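Take a look at the structure below.
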Amino acid sequence: MASNVERHINGQGPMAQVRHLEKCSPAGSFVLNSPTANKQTAESFISQAMDIIVDEAVKKATDVQEKVCEWHAPEQLKKLLDLELRDEGEAESEILQRCRDAIRYSVKTSHPRFFNQLYAGMEPYSMVASFIAEAIKTNLYTYEVAPVFTLMEDAVLRKMIKVIGWEEGGDGIFNPGGSLSNMYAVNLARYRYCPNFKEAGMFSAQRLVILTSQESHYSISKGAALMGIGTKNVYTVPTDERGRMIPSALEDKIMLAKSEGAVPFMVNATAGTTVLGAFDPIDEISDICEKHNLWLHVDACWGGAALMSKKHKHLLKGIHRVDSVSWNPHKMLMASLQCSAFLVRDKTSLLQRCHSARASYLFQQDKFYDISYDTGDKSVQCSRKPDAFKFWLMWKALGTRELDQRVERALAMARYLAEEIKKRDGFRLVVEPEYANVCFWYLPPSLRNLPDGPELWKKLHTVAPVVKQRMMKTGSMMVGYQPLGDKANFFRMVVISPQVSRQDLDFVLDEIHSLGKDL
């Protein structure tokens, strides 16, 4: 028997009736007293799709025996996916196959041997929260349309503020990614220095300068460009051999900016740099910022998770003194993408005053409930997903103790990998890991007798890209590589997922050697 979807495709469904009526009616009216969507068909499709998701994107994608990726070049993949959008819809069976194909040809970031980014692994509770949020399909700007998720976001922000150590409280909001959170910090710092900037624009202030380390995330420069501050007014501060900002160099850069007639207004420190996983000395930087009355923001998108660990929270010593923090639970803590918080120590509604547009169709002042729960005017967005729910449900399920253990295990695994690298011929650490980033070179046998020098580094620079190409085409694992400063290309392993075993880490080193020993 033909399904409802097939009858619809074949011109026998509700829209066929509408087309018939259009021919009969001079006005071409639609049938407005009955829905055109079939509820049972929709429910059946969702049920079948969920079975595919569980089988293909959960069970199979986390199976260590399966491939991390099935690599195809862009032009090949375009043909495999049949990307063209046509006038007529496809049958249900074809759409379900599209779902299978989307999963099949995607990189399995929840696979135990995916080490390519600062996120990895499958987190079941936040995954389910993501499904629920999509099914509820609401928008987090007012309490009236998102009462449950508004209260959950408030509860999560309060708890994160407490973890940071702001005993008197603070404020915050969840954003679509850490880059936007860092840009919020730039905007708030500028607003605090020059509130008129919001209305009068860039003509109301002197040349403003942001100071950040040379290893900081590129979102600071992007934010400066977006907000009209200018990338040339982002002064980079030198770092030490481990990638940490040098406080004395920061002081020098501040004085340089002032001597040029510019106005330094913000310092961005990093807790967990993208490549080396370095932590800037927050306490010493705080002293300097207090001395010069500068807003201090900490990009803890990656390293903020260490605050959950009793053993490792010292890495962020002094964070209670800063003005704002970016923290991404979707990284080390493994909440489903995306889950990013921006937190501010201010309690004078600075976030609201900086971003408020007072849209009267959303934020009416004469509502029948407490409008302080209408948080949307704190945001530069209108539409905003309830991302905090992913962290809330996960935290509820695991508890603080388990989140502590998740961080400690990841760092213990990173330490294990570093020690194994030291034992193996042809492997060399770039730096001793401070966090979960393990950076190393692989030297094929042909390079092992060369002395350190230009010839070695030039040849070594070509090794990692070839090994990466081979591993992607094999599909056995994914590990990132990059140069840094004058250093030749090296691998960066990021250990996060509790599904990763010591055998998986041993496999990575064995596989790199297997893929690169002939180079």
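In the structure tokens, chains take the letters A, B, ... in the order shown, each chain's residues start at 1, and ligands count up from 1 in the order shown.
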
For Ser349 (chain A): contacts at 9 Å, only C-alpha atoms, fewer than 4 positions along chain excluded, given as a VMD selection string: chain A and resid 171 353 to 354 378

All strand (DSSP E) residues (DSSP, backbone) inside region 239-318 of chain A, as a VMD selection string: chain A and resid 263 to 270 295 to 299

Distance of CA of Ile512 (chain A) from CA of Met471 (chain A), expressed in Å to one decimal place: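 CA of Ile512 (chain A) lies at a distance of 8.1 Å from CA of Met471 (chain A).
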
Which of region 154-402 of chain A DSSP labels alpha helix (DSSP H), written as a ChimeraX atom specification: /A:154-164,178-193,197-200,219-226,247-259,282-292,350-355,388-402

Residues near Leu307 (chain A), cut-off 10 Å, only C-alpha atoms, skip fewer than 6 positions along chain, as number ranges by chain: A: 160, 163-165, 300, 313-317, 319, 404, 407

Can you build me a table of region 89-204 of chain A residues sitting at most 7 Å from region 475-488 of chain A, with the closest atom pair per residue and its distance in Å to one decimal, using only C-alpha atoms, sorted by chain and residue number, as a tab-separated table?
residue	atom	partner	partner_atom	distance
A:Arg113	CA	A:Met477	CA	5.0
A:Phe114	CA	A:Met478	CA	4.9
A:Phe115	CA	A:Val479	CA	5.0
A:Asn116	CA	A:Val479	CA	4.4

Of the listed residues A:Lys108, A:Lys67, A:Arg384, A:His297, that which approaches Ala133 (chain A) most closely, counting only C-alpha atoms: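 Distance minimum relative to Ala133 (chain A) lands on A:Arg384.
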
Option closest in space to Ser360 (chain A), from A:Lys291, A:Asp377, A:Glu167, A:Ser47 [counting only C-alpha atoms]: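 Closest to Ser360 (chain A) of all the choices is A:Asp377.
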
Ser514 (chain A) surroundings by only C-alpha atoms, 10 Å radius, close-in-sequence under 5 positions cut, as a count of residues only: 5

Region 370-451 of chain A near region 238-241 of chain A within 12 Å: what's each residue's closest atom pair and its distance in Å to one decimal, counting only C-alpha atoms, ordered by chain then ascending residue number, as JSON lines?
{"residue": "A:Val430", "atom": "CA", "partner": "A:Glu241", "partner_atom": "CA", "distance": 10.0}
{"residue": "A:Val431", "atom": "CA", "partner": "A:Glu241", "partner_atom": "CA", "distance": 8.2}
{"residue": "A:Glu432", "atom": "CA", "partner": "A:Glu241", "partner_atom": "CA", "distance": 10.5}
